[in-house]
Amino acid sequence: MTPAIEVRQVYKRFGALHALHGIDLEINTGEFFALLGPNGAGKTTLINIIAGLTLASSGSARVKGHDVVAEYREARRMLGVVPQELVFDPFFTVRETLLFQSGYYGIKKNNGWIDEIIHHLDLADKADTNMRSLSGGMKRRVLVAQALVHKPPVIILDEPTAGVDVELRQALWRFIKQLNRNGHTIVLTTHYLEEAEALCNRVAMLKNGSIVVLESVRNLISNISGHRIRLRLSPDTLPTALQLLAISHDQGYHVLAIEECCQLENVMAALRAAQTQILELQILQPDLEEVFVKIMHSAENLKPVSV
């Protein structure tokens with residue numbers, strides 16, 4: 001099966017700085033894929049190259065088998081992108097914006113699909129409202145609608161829930177998950193790692209323009225060794241015998257690291273011996289955020305390339 005997105009040895013230089021350094025990436029058709037990394041890692045630059053908005057210095061990118069440069073029309077029709085920035089035309093209503101977007105792709109009589117998008121993104125009561133009158137969250141909903149108006153098989157969401165309320169986030173993910181179940185490939189970038197963990201099958205993590213990890217979410221989390229214990233104590237002082245296990249103390253909670261569950265009894269015994277009362281105790285399960293922090297820390301020596 002033709003990959004949804006195929007990137008081969010992509011480099012991008014801005015003057016002396018390598019924003020991307022030899023990116024190789026293949027995203028399968030029908031995947032829900034996460035592209036993660038700290039600010040400045042190169043995620044948006046890579047997305048812009050895939051979308052044909054930026055030319056790579058070298059290498060190639062394809063969407064559903066179409067080269068984004070040599071076959072840019074075909075590649076662009078295969079792709080819908082929701083950008084980070086709130087870009088909109090202040091002279092159109094929501095519905096006019098979506099009809100105008102349909103015209104970009106030469107799509108006529110698209111009212112049925114536009115009505116469905118408006119319904120699923122809870123824009124029905126704003127359909128005839130001018131774009132400049134919308135809140136930031138509503139404008140972001142319209143950006144999602146614009147990316148979907150030509151029914152692209154591949155959808156890239158670049159920080160789609162940044163700065164939006166919980167209700168919108170839940171409505172958006174219900175709709176996007178349904179699109180994925182219907183066969184659409186979804187590529188997500190987000191700083192909300194719990195979203196990536198809940199939604200995505202595989203992740204690629206970037207640091208300084210290079211992919212440092214490409215793996216399934218399940219495998220990444222299962223490879224974390226040890227356990228975490230979160231405690232609230234009275235008095236709020238960790239006994240000396242447990243201080244070597246401590247990894248954080250924030251807002252009245254101590255977090256301890258243990259290798260085996262049997263060590264929990266040793267922790268309890270040390271607290272009893274110190275006459276410290278346990279107010280709350282929680283065993284924390286490893287998550288993608290913990291994996292991300294560890295990987296980014298281990299990749300600290302990976303420096304941007306200058307020429």
# chains A, B, ... in the order shown; residues from 1 in each chain; ligands from 1
>>> select_by_dssp(residues="region 222-303 of chain A", states="helix (DSSP H, G or I)", output="ChimeraX atom specification")
/A:222,240-245,263-273,288-298
>>> select_by_dssp(residues="region 228-266 of chain A", states="strand (DSSP E or B)", output="list in words")
Arg228, Ile229, Arg230, Leu231, Arg232, Leu233, Ser234, Ala246, Ile247, Ser248, His249, Asp250, Tyr253, His254, Val255, Leu256, Ala257 and Ile258 of chain A
>>> atom_distance(atom1="CA of Met205 (chain A)", atom2="CA of Gly15 (chain A)")
24.3 Å
>>> residues_around(residues="Ile114 (chain A)", least_positions_apart="2", cutoff="12 Å", atoms="only C-alpha atoms", output="PyMOL selection string")
chain A and resi 94-102+107-112+116-121+123-124+127+142+144-151
>>> residues_around(residues="Cys262 (chain A)", least_positions_apart="5", cutoff="12 Å", atoms="only C-alpha atoms", output="JSON, numbers by chain")
{"A": [226, 227, 267, 268, 269]}
>>> closest_atom_pairs(of="region 122-229 of chain A", to="region 32-48 of chain A", cutoff="8 Å", atoms="only C-alpha atoms", output="JSON lines")
{"residue": "A:Ile156", "atom": "CA", "partner": "A:Ile47", "partner_atom": "CA", "distance": 7.8}
{"residue": "A:Asp158", "atom": "CA", "partner": "A:Thr44", "partner_atom": "CA", "distance": 7.4}
{"residue": "A:Asn180", "atom": "CA", "partner": "A:Phe32", "partner_atom": "CA", "distance": 7.0}
{"residue": "A:Thr185", "atom": "CA", "partner": "A:Phe32", "partner_atom": "CA", "distance": 6.1}
{"residue": "A:Ile186", "atom": "CA", "partner": "A:Phe32", "partner_atom": "CA", "distance": 4.7}
{"residue": "A:Val187", "atom": "CA", "partner": "A:Phe33", "partner_atom": "CA", "distance": 4.8}
{"residue": "A:Leu188", "atom": "CA", "partner": "A:Ala34", "partner_atom": "CA", "distance": 4.7}
{"residue": "A:Thr189", "atom": "CA", "partner": "A:Leu35", "partner_atom": "CA", "distance": 4.9}
{"residue": "A:Thr190", "atom": "CA", "partner": "A:Leu36", "partner_atom": "CA", "distance": 6.6}
{"residue": "A:His191", "atom": "CA", "partner": "A:Leu36", "partner_atom": "CA", "distance": 7.5}
{"residue": "A:Ala196", "atom": "CA", "partner": "A:Ala34", "partner_atom": "CA", "distance": 6.1}
{"residue": "A:Leu199", "atom": "CA", "partner": "A:Phe32", "partner_atom": "CA", "distance": 6.8}
{"residue": "A:Cys200", "atom": "CA", "partner": "A:Phe32", "partner_atom": "CA", "distance": 4.8}
{"residue": "A:Asn201", "atom": "CA", "partner": "A:Phe32", "partner_atom": "CA", "distance": 5.7}
{"residue": "A:Arg202", "atom": "CA", "partner": "A:Phe33", "partner_atom": "CA", "distance": 5.2}
{"residue": "A:Val203", "atom": "CA", "partner": "A:Ala34", "partner_atom": "CA", "distance": 4.6}
{"residue": "A:Ala204", "atom": "CA", "partner": "A:Leu35", "partner_atom": "CA", "distance": 5.1}
{"residue": "A:Met205", "atom": "CA", "partner": "A:Leu36", "partner_atom": "CA", "distance": 4.7}
{"residue": "A:Leu206", "atom": "CA", "partner": "A:Gly37", "partner_atom": "CA", "distance": 4.9}
{"residue": "A:Lys207", "atom": "CA", "partner": "A:Ala41", "partner_atom": "CA", "distance": 4.8}
{"residue": "A:Asn208", "atom": "CA", "partner": "A:Ala41", "partner_atom": "CA", "distance": 4.6}
{"residue": "A:Gly209", "atom": "CA", "partner": "A:Gly42", "partner_atom": "CA", "distance": 5.0}
{"residue": "A:Ser210", "atom": "CA", "partner": "A:Ala41", "partner_atom": "CA", "distance": 7.8}
>>> write_last_selection(atoms="N, CA and C atoms", output="short mmCIF file (atom, residue, chain, number, x, y, z; two decimals), in the first residue's frame")
data_model
loop_
_atom_site.label_atom_id
_atom_site.label_comp_id
_atom_site.auth_asym_id
_atom_site.auth_seq_id
_atom_site.Cartn_x
_atom_site.Cartn_y
_atom_site.Cartn_z
N ILE A 156 -3.16 16.89 8.54
CA ILE A 156 -2.12 17.28 9.49
C ILE A 156 -2.68 18.34 10.42
N ASP A 158 -1.55 20.78 13.29
CA ASP A 158 -0.39 21.40 13.95
C ASP A 158 -0.88 22.19 15.16
N ASN A 180 -10.61 9.17 11.33
CA ASN A 180 -9.56 8.15 11.31
C ASN A 180 -10.16 6.75 11.15
N THR A 185 -5.84 9.32 7.26
CA THR A 185 -4.58 9.35 8.00
C THR A 185 -4.49 10.67 8.75
N ILE A 186 -4.17 10.61 10.04
CA ILE A 186 -4.09 11.81 10.87
C ILE A 186 -2.66 11.95 11.39
N VAL A 187 -2.08 13.13 11.21
CA VAL A 187 -0.77 13.45 11.76
C VAL A 187 -0.95 14.62 12.72
N LEU A 188 -0.53 14.42 13.96
CA LEU A 188 -0.78 15.40 15.01
C LEU A 188 0.53 15.90 15.60
N THR A 189 0.66 17.22 15.75
CA THR A 189 1.71 17.77 16.61
C THR A 189 1.01 18.45 17.78
N THR A 190 1.52 18.23 18.97
CA THR A 190 0.89 18.79 20.16
C THR A 190 1.90 18.82 21.30
N HIS A 191 1.69 19.78 22.22
CA HIS A 191 2.44 19.79 23.48
C HIS A 191 1.63 19.15 24.60
N ALA A 196 -1.61 12.86 22.64
CA ALA A 196 -0.86 11.97 21.75
C ALA A 196 -0.90 10.53 22.26
N LEU A 199 -4.48 9.06 21.62
CA LEU A 199 -5.00 9.02 20.25
C LEU A 199 -4.10 8.27 19.27
N CYS A 200 -2.80 8.34 19.45
CA CYS A 200 -1.86 7.96 18.38
C CYS A 200 -1.32 6.55 18.55
N ASN A 201 -1.06 5.92 17.40
CA ASN A 201 -0.46 4.59 17.39
C ASN A 201 1.06 4.67 17.48
N ARG A 202 1.65 5.56 16.68
CA ARG A 202 3.11 5.72 16.66
C ARG A 202 3.47 7.18 16.84
N VAL A 203 4.72 7.40 17.29
CA VAL A 203 5.22 8.76 17.45
C VAL A 203 6.63 8.86 16.89
N ALA A 204 6.92 10.03 16.34
CA ALA A 204 8.30 10.40 16.02
C ALA A 204 8.63 11.61 16.89
N MET A 205 9.78 11.56 17.57
CA MET A 205 10.22 12.67 18.40
C MET A 205 11.42 13.34 17.75
N LEU A 206 11.33 14.67 17.58
CA LEU A 206 12.39 15.45 16.95
C LEU A 206 13.13 16.26 18.00
N LYS A 207 14.42 16.42 17.79
CA LYS A 207 15.24 17.32 18.60
C LYS A 207 16.28 17.94 17.68
N ASN A 208 16.29 19.28 17.63
CA ASN A 208 17.27 20.00 16.81
C ASN A 208 17.32 19.51 15.37
N GLY A 209 16.14 19.28 14.79
CA GLY A 209 16.06 18.95 13.37
C GLY A 209 16.32 17.51 13.01
N SER A 210 16.46 16.62 13.99
CA SER A 210 16.68 15.20 13.72
C SER A 210 15.64 14.37 14.46
#
>>> residues_around(residues="Glu194 (chain A)", least_positions_apart="5", cutoff="9 Å", atoms="only C-alpha atoms", output="mmCIF file with C-alpha atoms, in the first residue's frame")
data_model
loop_
_atom_site.group_PDB
_atom_site.id
_atom_site.type_symbol
_atom_site.label_atom_id
_atom_site.label_comp_id
_atom_site.auth_asym_id
_atom_site.auth_seq_id
_atom_site.Cartn_x
_atom_site.Cartn_y
_atom_site.Cartn_z
ATOM 1 C CA LEU A 199 -4.997 9.017 20.254
ATOM 2 C CA ASP A 287 3.124 7.759 30.540
ATOM 3 C CA LEU A 288 4.284 9.347 27.302
ATOM 4 C CA GLU A 289 5.263 12.564 29.054
#
>>> atom_distance(atom1="CA of Asp128 (chain A)", atom2="CA of Thr93 (chain A)")
5.3 Å
>>> residues_around(residues="Arg181 (chain A)", least_positions_apart="4", cutoff="10 Å", atoms="only C-alpha atoms", output="list of chain:residue names")
A:Gly30, A:Glu31, A:Phe32, A:Phe175, A:Ile176, A:Lys177, A:Thr185
>>> residues_around(residues="Gly22 (chain A)", least_positions_apart="6", cutoff="9 Å", atoms="only C-alpha atoms", output="JSON, numbers by chain")
{"A": [8, 9, 10, 11, 12, 58, 59, 209, 210, 211]}
>>> write_last_selection(atoms="C-alpha atoms", output="JSON list (two decimals), in the first residue's frame")
[["chain", "number", "residue", "atom", "x", "y", "z"],
["A", 8, "ARG", "CA", 13.43, 10.78, 2.30],
["A", 9, "GLN", "CA", 16.67, 12.46, 3.42],
["A", 10, "VAL", "CA", 15.11, 15.89, 3.80],
["A", 11, "TYR", "CA", 17.46, 18.71, 4.77],
["A", 12, "LYS", "CA", 16.42, 22.30, 5.27],
["A", 58, "SER", "CA", 17.55, 18.60, -0.51],
["A", 59, "GLY", "CA", 15.64, 15.35, -0.31],
["A", 209, "GLY", "CA", 16.06, 18.95, 13.37],
["A", 210, "SER", "CA", 16.68, 15.20, 13.72],
["A", 211, "ILE", "CA", 14.39, 12.29, 14.57]]
>>> closest_residue(among="A:Glu259, A:Glu265, A:Glu280, A:Asp24", to="Arg228 (chain A)", atoms="only C-alpha atoms")
A:Glu259
>>> closest_residue(among="A:Gln170, A:Val154, A:Leu25, A:Leu86", to="Arg132 (chain A)", atoms="only C-alpha atoms")
A:Leu86
>>> atom_distance(atom1="CA of Lys64 (chain A)", atom2="CA of Pro3 (chain A)")
5.9 Å
>>> closest_residue(among="A:Asn219, A:Gln263, A:Asn182, A:Ser234", to="Pro153 (chain A)", atoms="only C-alpha atoms")
A:Asn182
>>> decode(residues="region 150-161 of chain A", atoms="N, CA and C atoms", output="PDB file, in the first residue's frame")
ATOM      1  N   HIS A 150     -12.205  19.696   1.412  1.00  0.00           N
ATOM      2  CA  HIS A 150     -12.043  18.943   0.166  1.00  0.00           C
ATOM      3  C   HIS A 150     -11.861  17.437   0.419  1.00  0.00           C
ATOM      4  N   LYS A 151     -12.211  16.993   1.634  1.00  0.00           N
ATOM      5  CA  LYS A 151     -12.163  15.578   2.025  1.00  0.00           C
ATOM      6  C   LYS A 151     -10.795  14.947   1.741  1.00  0.00           C
ATOM      7  N   PRO A 152      -9.726  15.518   2.276  1.00  0.00           N
ATOM      8  CA  PRO A 152      -8.402  14.971   2.008  1.00  0.00           C
ATOM      9  C   PRO A 152      -8.188  13.647   2.735  1.00  0.00           C
ATOM     10  N   PRO A 153      -7.504  12.692   2.127  1.00  0.00           N
ATOM     11  CA  PRO A 153      -7.225  11.423   2.808  1.00  0.00           C
ATOM     12  C   PRO A 153      -6.174  11.552   3.905  1.00  0.00           C
ATOM     13  N   VAL A 154      -5.349  12.620   3.857  1.00  0.00           N
ATOM     14  CA  VAL A 154      -4.306  12.845   4.865  1.00  0.00           C
ATOM     15  C   VAL A 154      -4.554  14.206   5.514  1.00  0.00           C
ATOM     16  N   ILE A 155      -4.592  14.229   6.844  1.00  0.00           N
ATOM     17  CA  ILE A 155      -4.879  15.457   7.590  1.00  0.00           C
ATOM     18  C   ILE A 155      -3.758  15.700   8.584  1.00  0.00           C
ATOM     19  N   ILE A 156      -3.162  16.895   8.536  1.00  0.00           N
ATOM     20  CA  ILE A 156      -2.118  17.277   9.488  1.00  0.00           C
ATOM     21  C   ILE A 156      -2.680  18.339  10.418  1.00  0.00           C
ATOM     22  N   LEU A 157      -2.594  18.086  11.711  1.00  0.00           N
ATOM     23  CA  LEU A 157      -3.087  18.998  12.742  1.00  0.00           C
ATOM     24  C   LEU A 157      -1.897  19.537  13.527  1.00  0.00           C
ATOM     25  N   ASP A 158      -1.550  20.781  13.294  1.00  0.00           N
ATOM     26  CA  ASP A 158      -0.391  21.398  13.950  1.00  0.00           C
ATOM     27  C   ASP A 158      -0.883  22.192  15.160  1.00  0.00           C
ATOM     28  N   GLU A 159      -0.770  21.594  16.346  1.00  0.00           N
ATOM     29  CA  GLU A 159      -1.238  22.214  17.592  1.00  0.00           C
ATOM     30  C   GLU A 159      -2.706  22.648  17.482  1.00  0.00           C
ATOM     31  N   PRO A 160      -3.618  21.731  17.141  1.00  0.00           N
ATOM     32  CA  PRO A 160      -5.001  22.144  16.876  1.00  0.00           C
ATOM     33  C   PRO A 160      -5.764  22.586  18.117  1.00  0.00           C
ATOM     34  N   THR A 161      -5.343  22.143  19.319  1.00  0.00           N
ATOM     35  CA  THR A 161      -6.098  22.484  20.524  1.00  0.00           C
ATOM     36  C   THR A 161      -5.376  23.498  21.398  1.00  0.00           C
TER      37      THR A 161
END
